[in-house]
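*Asks:* So that you have it, the file is my_file10.cif, and it contains mmCIF, C-alpha atoms and all ligand atoms:
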data_run
#
loop_
_atom_site.group_PDB
_atom_site.id
_atom_site.type_symbol
_atom_site.label_atom_id
_atom_site.label_comp_id
_atom_site.auth_asym_id
_atom_site.auth_seq_id
_atom_site.Cartn_x
_atom_site.Cartn_y
_atom_site.Cartn_z
ATOM 1 C CA MET A 226 116.367 110.747 103.104
ATOM 2 C CA SER A 227 112.602 110.817 103.076
ATOM 3 C CA LEU A 228 110.163 107.995 103.516
ATOM 4 C CA THR A 229 106.433 108.490 103.244
ATOM 5 C CA TYR A 230 103.908 105.733 103.842
ATOM 6 C CA THR A 231 100.376 106.014 102.409
ATOM 7 C CA TRP A 232 97.523 103.668 103.320
ATOM 8 C CA LEU A 233 95.622 103.063 100.092
ATOM 9 C CA GLY A 234 92.820 101.102 101.775
ATOM 10 C CA HIS A 235 92.524 97.451 102.871
ATOM 11 C CA GLY A 236 95.968 95.779 102.659
ATOM 12 C CA THR A 237 97.279 98.133 99.980
ATOM 13 C CA SER A 238 100.172 100.425 100.824
ATOM 14 C CA GLY A 239 102.207 103.033 99.013
ATOM 15 C CA LEU A 240 105.778 103.953 99.880
ATOM 16 C CA ASP A 241 107.738 106.879 98.530
ATOM 17 C CA VAL A 242 111.387 106.285 99.294
ATOM 18 C CA ASP A 243 113.332 109.344 98.183
ATOM 19 C CA GLY A 244 111.210 109.562 95.027
ATOM 20 C CA THR A 245 111.011 105.841 94.253
ATOM 21 C CA LYS A 246 107.334 104.872 94.194
ATOM 22 C CA VAL A 247 106.457 101.479 95.633
ATOM 23 C CA ILE A 248 103.004 99.885 95.793
ATOM 24 C CA VAL A 249 102.468 96.931 98.095
ATOM 25 C CA ASP A 250 99.590 94.526 97.321
ATOM 26 C CA PRO A 251 97.728 96.627 94.720
ATOM 27 C CA PHE A 252 93.964 96.171 95.143
ATOM 28 C CA PHE A 253 91.976 99.091 93.785
ATOM 29 C CA THR A 254 89.309 98.099 91.271
ATOM 30 C CA ASP A 255 87.031 96.021 93.528
ATOM 31 C CA ASN A 256 88.251 97.581 96.758
ATOM 32 C CA PRO A 257 85.418 99.560 98.403
ATOM 33 C CA ALA A 258 87.996 101.432 100.517
ATOM 34 C CA ALA A 259 90.184 102.540 97.607
ATOM 35 C CA THR A 260 90.489 106.304 97.090
ATOM 36 C CA VAL A 261 92.379 106.105 93.787
ATOM 37 C CA LYS A 262 91.866 104.147 90.579
ATOM 38 C CA ALA A 263 94.344 101.515 89.402
ATOM 39 C CA GLN A 264 94.804 103.519 86.175
ATOM 40 C CA GLU A 265 96.036 106.562 88.166
ATOM 41 C CA VAL A 266 98.618 104.805 90.326
ATOM 42 C CA GLU A 267 102.299 105.522 89.756
ATOM 43 C CA ALA A 268 104.767 102.763 90.526
ATOM 44 C CA ASP A 269 108.422 101.890 90.066
ATOM 45 C CA TYR A 270 108.144 98.697 92.125
ATOM 46 C CA ILE A 271 105.222 96.482 93.150
ATOM 47 C CA LEU A 272 105.679 94.255 96.198
ATOM 48 C CA ILE A 273 103.333 91.295 96.627
ATOM 49 C CA THR A 274 102.986 89.531 100.004
ATOM 50 C CA HIS A 275 100.826 86.600 98.824
ATOM 51 C CA GLY A 276 98.607 85.356 96.036
ATOM 52 C CA HIS A 277 95.107 86.213 97.267
ATOM 53 C CA SER A 278 93.071 88.369 94.910
ATOM 54 C CA ASP A 279 92.724 91.226 97.409
ATOM 55 C CA HIS A 280 96.528 91.569 97.169
ATOM 56 C CA VAL A 281 97.382 90.885 93.502
ATOM 57 C CA ALA A 282 94.233 92.059 91.683
ATOM 58 C CA ASP A 283 95.590 95.144 89.915
ATOM 59 C CA ALA A 284 99.299 94.253 89.920
ATOM 60 C CA ALA A 285 99.647 93.041 86.326
ATOM 61 C CA SER A 286 97.757 95.986 84.790
ATOM 62 C CA ILE A 287 99.737 98.556 86.804
ATOM 63 C CA ALA A 288 103.032 96.804 86.017
ATOM 64 C CA ARG A 289 102.251 96.761 82.281
ATOM 65 C CA ARG A 290 101.237 100.427 82.195
ATOM 66 C CA THR A 291 104.069 101.767 84.380
ATOM 67 C CA GLY A 292 106.853 99.254 83.696
ATOM 68 C CA ALA A 293 107.099 98.635 87.450
ATOM 69 C CA LYS A 294 109.023 95.564 88.570
ATOM 70 C CA VAL A 295 107.185 93.034 90.741
ATOM 71 C CA VAL A 296 109.023 91.682 93.811
ATOM 72 C CA SER A 297 107.579 88.651 95.549
ATOM 73 C CA ASN A 298 108.315 85.052 96.404
ATOM 74 C CA PHE A 299 109.671 82.844 93.611
ATOM 75 C CA GLU A 300 106.317 81.211 92.769
ATOM 76 C CA ILE A 301 104.421 84.496 92.477
ATOM 77 C CA ALA A 302 107.291 86.195 90.608
ATOM 78 C CA THR A 303 107.274 83.336 88.074
ATOM 79 C CA TRP A 304 103.479 83.602 87.727
ATOM 80 C CA PHE A 305 103.867 87.281 86.774
ATOM 81 C CA GLN A 306 106.811 86.600 84.438
ATOM 82 C CA ASN A 307 104.623 84.068 82.608
ATOM 83 C CA GLN A 308 102.186 86.949 81.957
ATOM 84 C CA GLY A 309 104.963 89.094 80.471
ATOM 85 C CA VAL A 310 105.506 91.180 83.608
ATOM 86 C CA GLU A 311 109.044 91.915 84.811
ATOM 87 C CA ALA A 312 109.464 90.293 88.214
ATOM 88 C CA HIS A 313 112.155 89.482 90.753
ATOM 89 C CA GLY A 314 111.744 86.326 92.843
ATOM 90 C CA GLN A 315 113.111 85.992 96.366
ATOM 91 C CA HIS A 316 112.125 83.771 99.249
ATOM 92 C CA LEU A 317 111.513 83.726 102.969
ATOM 93 C CA GLY A 318 114.520 85.002 104.894
ATOM 94 C CA GLY A 319 116.217 86.223 101.729
ATOM 95 C CA GLY A 320 116.988 89.861 101.105
ATOM 96 C CA HIS A 321 118.087 91.743 97.995
ATOM 97 C CA ASP A 322 119.338 95.274 97.383
ATOM 98 C CA HIS A 323 116.963 96.851 94.872
ATOM 99 C CA GLY A 324 118.774 100.189 95.015
ATOM 100 C CA TRP A 325 115.984 102.179 96.673
ATOM 101 C CA ALA A 326 116.044 99.692 99.585
ATOM 102 C CA TYR A 327 117.222 96.307 100.771
ATOM 103 C CA VAL A 328 114.081 94.179 100.782
ATOM 104 C CA LYS A 329 113.872 91.018 102.872
ATOM 105 C CA LEU A 330 110.991 88.540 102.848
ATOM 106 C CA THR A 331 109.770 87.666 106.335
ATOM 107 C CA LEU A 332 107.472 84.920 107.597
ATOM 108 C CA ALA A 333 103.697 85.276 107.550
ATOM 109 C CA LEU A 334 101.084 82.807 108.759
ATOM 110 C CA HIS A 335 98.441 82.770 106.031
ATOM 111 C CA GLY A 336 97.606 81.207 102.633
ATOM 112 C CA SER A 337 98.836 82.222 99.189
ATOM 113 C CA ALA A 338 96.840 80.520 96.405
ATOM 114 C CA LEU A 339 96.707 82.710 93.281
ATOM 115 C CA PRO A 340 93.362 83.778 91.753
ATOM 116 C CA ASP A 341 93.562 81.142 88.969
ATOM 117 C CA GLY A 342 94.343 78.389 91.494
ATOM 118 C CA SER A 343 98.098 78.402 90.824
ATOM 119 C CA ASP A 344 100.443 77.677 93.718
ATOM 120 C CA GLY A 345 101.460 81.018 95.213
ATOM 121 C CA GLY A 346 104.112 79.468 97.465
ATOM 122 C CA ASN A 347 104.288 80.706 101.035
ATOM 123 C CA PRO A 348 102.949 84.104 102.096
ATOM 124 C CA CYS A 349 105.402 86.704 103.332
ATOM 125 C CA GLY A 350 105.850 90.079 104.917
ATOM 126 C CA PHE A 351 108.518 92.605 103.938
ATOM 127 C CA LEU A 352 111.312 94.155 105.948
ATOM 128 C CA ILE A 353 112.482 97.216 104.041
ATOM 129 C CA THR A 354 115.765 98.928 104.912
ATOM 130 C CA THR A 355 116.416 102.178 103.070
ATOM 131 C CA PRO A 356 119.913 103.351 102.112
ATOM 132 C CA GLY A 357 119.566 105.882 104.943
ATOM 133 C CA GLY A 358 118.981 103.051 107.438
ATOM 134 C CA GLN A 359 115.254 103.512 108.043
ATOM 135 C CA LYS A 360 113.410 100.235 108.648
ATOM 136 C CA VAL A 361 109.807 99.513 107.761
ATOM 137 C CA TYR A 362 108.102 96.183 108.415
ATOM 138 C CA LEU A 363 104.977 95.381 106.426
ATOM 139 C CA ALA A 364 103.497 92.252 108.014
ATOM 140 C CA GLY A 365 101.147 91.375 105.144
ATOM 141 C CA ASP A 366 98.221 89.115 106.021
ATOM 142 C CA THR A 367 99.241 87.113 109.051
ATOM 143 C CA GLY A 368 98.294 85.663 112.372
ATOM 144 C CA LEU A 369 100.386 86.395 115.450
ATOM 145 C CA PHE A 370 103.669 84.478 115.671
ATOM 146 C CA GLY A 371 106.382 84.548 118.305
ATOM 147 C CA ASP A 372 109.207 85.161 115.841
ATOM 148 C CA MET A 373 107.917 88.707 115.434
ATOM 149 C CA ALA A 374 110.282 89.233 118.379
ATOM 150 C CA LEU A 375 113.204 88.492 116.022
ATOM 151 C CA ILE A 376 111.920 91.087 113.584
ATOM 152 C CA GLY A 377 111.633 93.455 116.540
ATOM 153 C CA GLU A 378 115.361 93.035 117.210
ATOM 154 C CA GLU A 379 115.923 94.909 113.922
ATOM 155 C CA ARG A 380 114.860 98.183 115.645
ATOM 156 C CA LEU A 381 111.959 99.111 113.395
ATOM 157 C CA ASP A 382 111.006 102.675 112.666
ATOM 158 C CA LEU A 383 107.566 101.693 111.393
ATOM 159 C CA ALA A 384 105.444 98.537 111.493
ATOM 160 C CA VAL A 385 102.321 98.169 109.338
ATOM 161 C CA ILE A 386 100.152 95.359 110.678
ATOM 162 C CA PRO A 387 96.657 93.936 110.122
ATOM 163 C CA ILE A 388 94.028 94.269 112.852
ATOM 164 C CA GLY A 389 90.852 93.229 110.997
ATOM 165 C CA ASP A 390 90.400 89.756 112.530
ATOM 166 C CA ASN A 391 88.732 86.828 110.710
ATOM 167 C CA PHE A 392 91.440 86.553 107.967
ATOM 168 C CA THR A 393 94.364 87.973 109.970
ATOM 169 C CA MET A 394 95.274 89.055 113.493
ATOM 170 C CA GLY A 395 92.462 90.799 115.286
ATOM 171 C CA PRO A 396 92.976 93.784 117.606
ATOM 172 C CA ASP A 397 94.031 91.740 120.669
ATOM 173 C CA ASP A 398 96.690 89.720 118.847
ATOM 174 C CA ALA A 399 97.786 92.834 116.955
ATOM 175 C CA LEU A 400 98.396 94.520 120.318
ATOM 176 C CA ARG A 401 100.563 91.540 121.324
ATOM 177 C CA ALA A 402 102.362 91.896 117.966
ATOM 178 C CA VAL A 403 103.149 95.547 118.762
ATOM 179 C CA LYS A 404 104.760 94.398 122.023
ATOM 180 C CA LEU A 405 106.940 91.874 120.133
ATOM 181 C CA LEU A 406 107.869 94.247 117.310
ATOM 182 C CA GLN A 407 108.689 97.268 119.506
ATOM 183 C CA ALA A 408 108.631 99.615 116.507
ATOM 184 C CA LYS A 409 108.770 103.373 117.017
ATOM 185 C CA HIS A 410 105.537 103.787 115.047
ATOM 186 C CA VAL A 411 102.714 101.433 114.072
ATOM 187 C CA ILE A 412 99.921 101.771 111.501
ATOM 188 C CA PRO A 413 96.904 99.394 111.488
ATOM 189 C CA VAL A 414 95.643 98.081 108.135
ATOM 190 C CA HIS A 415 93.499 95.267 106.640
ATOM 191 C CA HIS A 416 90.452 96.438 108.614
ATOM 192 C CA SER A 417 87.035 97.998 107.952
ATOM 193 C CA THR A 418 87.050 97.298 104.205
ATOM 194 C CA TRP A 419 83.938 95.166 104.687
ATOM 195 C CA ASP A 420 81.654 94.544 107.702
ATOM 196 C CA LEU A 421 83.415 91.203 108.324
ATOM 197 C CA ILE A 422 86.666 92.967 109.261
ATOM 198 C CA GLU A 423 85.198 96.174 110.724
ATOM 199 C CA GLN A 424 87.299 97.412 113.680
ATOM 200 C CA ASP A 425 87.532 100.588 115.739
ATOM 201 C CA ALA A 426 91.158 101.477 115.049
ATOM 202 C CA ASP A 427 91.019 104.451 117.441
ATOM 203 C CA VAL A 428 90.109 102.195 120.381
ATOM 204 C CA TRP A 429 92.965 99.881 119.403
ATOM 205 C CA ALA A 430 95.373 102.805 119.124
ATOM 206 C CA GLU A 431 94.418 103.932 122.647
ATOM 207 C CA LYS A 432 95.465 100.497 123.987
ATOM 208 C CA VAL A 433 98.749 100.663 122.060
ATOM 209 C CA ARG A 434 99.380 104.092 123.565
ATOM 210 C CA SER A 435 98.645 103.005 127.136
ATOM 211 C CA GLU A 436 100.359 99.581 127.069
ATOM 212 C CA THR A 437 103.415 100.084 124.837
ATOM 213 C CA GLU A 438 106.139 102.585 123.939
ATOM 214 C CA THR A 439 105.073 102.448 120.276
ATOM 215 C CA GLU A 440 103.272 105.434 118.783
ATOM 216 C CA PRO A 441 100.163 104.401 116.798
ATOM 217 C CA HIS A 442 98.955 106.357 113.759
ATOM 218 C CA VAL A 443 95.395 105.689 112.625
ATOM 219 C CA LEU A 444 95.133 106.651 108.965
ATOM 220 C CA GLN A 445 92.082 106.871 106.730
ATOM 221 C CA PRO A 446 92.507 105.408 103.223
ATOM 222 C CA GLY A 447 94.480 107.932 101.186
ATOM 223 C CA GLU A 448 96.227 109.449 104.219
ATOM 224 C CA SER A 449 99.994 109.445 104.647
ATOM 225 C CA PHE A 450 102.568 109.315 107.403
ATOM 226 C CA THR A 451 106.114 110.570 106.893
ATOM 227 C CA LEU A 452 108.949 109.164 108.983
HETATM 228 NI NI NI B 501 95.038 86.996 102.148
HETATM 229 MN MN MN B 502 93.915 89.946 102.523
#
Please, can you express the file's structure as C-alpha cells?

*Replies:*
Amino acid sequence: MSLTYTWLGHGTSGLDVDGTKVIVDPFFTDNPAATVKAQEVEADYILITHGHSDHVADAASIARRTGAKVVSNFEIATWFQNQGVEAHGQHLGGGHDHGWAYVKLTLALHGSALPDGSDGGNPCGFLITTPGGQKVYLAGDTGLFGDMALIGEERLDLAVIPIGDNFTMGPDDALRAVKLLQAKHVIPVHHSTWDLIEQDADVWAEKVRSETETEPHVLQPGESFTL
C-alpha cells in the first residue's frame, strides 16, 4: 500500500492512494501559490470540504475533463450534479467506502456558501481510511474545536491542518490542534498564499517538534510526503 500526499498550494491537496488520484479542494487558476494548471491535473476523485471559491473554483472543469467523481456534503454534491458533474453526497459523521478508501465527513467550524450564493450546507473535514488501514485527516478550513480529540482517538497517521489565521486556526490554535489530534505526522496548509495569511511554518514546526510527539513536515507548494 502506498499513500503520497502533495500540497498543491493554499488549501488544495493531492492524494495518490495506490494509484487512485484524489484532489481535495481544487483551486489553481486564481491561486498565486499553485504550481500546476487546472488543465494539467489528473483526478479520479475530487473531495470538497466547503463551498468557498478558494476550495471549489476549478472542481467542475477538472471533473468534466477527467470524469472524476465529486465527494462532498449533500448540498454541495447536489450543486455539482445540477451542473452535470457526477457527485456523491454524504454528511457530517457519515462515511462511505469508495473503494480506494473509506471516506468520512468530520466537523469543521467555518462557513460554506457557494460562489453563486447557493447554500453549501455545513463545512467539513475528511477522515480517510485506506484499505491498508492508513488514516489521513484533512481538517479543511476550521477553527480549533475540542472534538478534535475524538478524531485523535482514531490513531491518525497524518493530519493536514490550516495554520494561516484570519480565516482558520492560526499557529497557536493549530499547535493545540496537534496536541488533540496526536497524529504521527502533521502538515500545515492554508497559509502564506496571500499576505493576510502569511505564516512562518518552520517556526511553527519547531514548536510542534518541541511540545508534541507529532512529526511536522513543512512542504512548499508542489512538494510531496509519502507515508
Ligand atoms: Ni473557506
Ligand atoms: Mn479557504

*Asks:* Which residues of chain A come within 8 Å of ligand MN 502 (chain B), and for each one, what is the closest pair of atoms and their distance in Å to one decimal, counting all atoms listed in the file, sorted by chain and residue number, as a Markdown table?

*Replies:*
| residue | atom | partner | partner_atom | distance |
| --- | --- | --- | --- | --- |
| A:His235 | CA | B:MN502 | MN | 7.6 |
| A:Gly236 | CA | B:MN502 | MN | 6.2 |
| A:His277 | CA | B:MN502 | MN | 6.6 |
| A:Ser278 | CA | B:MN502 | MN | 7.8 |
| A:Asp279 | CA | B:MN502 | MN | 5.4 |
| A:His280 | CA | B:MN502 | MN | 6.2 |
| A:Gly365 | CA | B:MN502 | MN | 7.8 |
| A:Asp366 | CA | B:MN502 | MN | 5.6 |
| A:Phe392 | CA | B:MN502 | MN | 6.9 |
| A:Thr393 | CA | B:MN502 | MN | 7.7 |
| A:His415 | CA | B:MN502 | MN | 6.7 |

*Asks:* Using only C-alpha atoms and all ligand atoms, determine which residues fall within 12 Å of ligand NI 501 (chain B), then list them as a ChimeraX atom specification.

*Replies:* /A:235-237,250,252,273-282,333-340,345,347-350,364-368,387,389-394,415

*Asks:* Near A:His410, counting only C-alpha atoms, which residues have an atom at most 7 Å away, once you skip same-chain residues fewer than 4 positions from it, shown as a list of chain:residue names?

*Replies:* A:Asp382, A:Leu383, A:Ala384, A:Thr439, A:Glu440, A:Pro441

*Asks:* Would you please work out which residue, of A:Lys294, A:Lys329, A:His321, A:Arg401, is nearest to A:Glu379 when using all atoms listed in the file?

*Replies:*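 With all atoms listed in the file as the atom set, the closest residue is A:Lys329.
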
*Asks:* From the options A:Gln445, A:Thr229, A:Ser435, A:Ser343, which residue's atoms come nearest to A:His416, counting only C-alpha atoms?

*Replies:*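 Of all the options, A:Gln445 lies closest to A:His416.
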
*Asks:* Go through the shown structure with the PyMOL selection byres (((chain A and resi 290) around 12) and not hetatm) and write out the matching residues as a PyMOL selection string.

*Replies:* chain A and resi 263-269+283-289+291-294+310-311

*Asks:* Please, which residues are within 12 Å of (104.9, 104.0, 115.0) by the file's coordinates, counting all atoms listed in the file, and could they come as a count of residues only?

*Replies:* 35

*Asks:* If the PyMOL selection byres (((chain A and resi 353) around 9) and not hetatm) is run on the structure shown, which residues does it catch, given as number ranges by chain?

*Replies:* A: 326-330, 351-352, 354-355, 359-363

*Asks:* Name the residues captured by the PyMOL selection byres (((chain A and resi 233) around 10) and not hetatm) when it is applied to the shown file; answer as a ChimeraX atom specification.

*Replies:* /A:230-232,234-239,248-253,256,258-261,414,444-449

*Asks:* Let me make sure I understand: among A:Tyr270, A:Asp372, A:Asp344, A:Glu423, which one has the smallest atom-to-atom distance to A:Glu300 if we use only C-alpha atoms?

*Replies:* A:Asp344

*Asks:* Mind giving me the straight-line distance from atom CA of A:Asp341 to atom CA of A:Leu317 in Å, one decimal?

*Replies:*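 Separation between atom CA of A:Asp341 and atom CA of A:Leu317: 22.9 Å.
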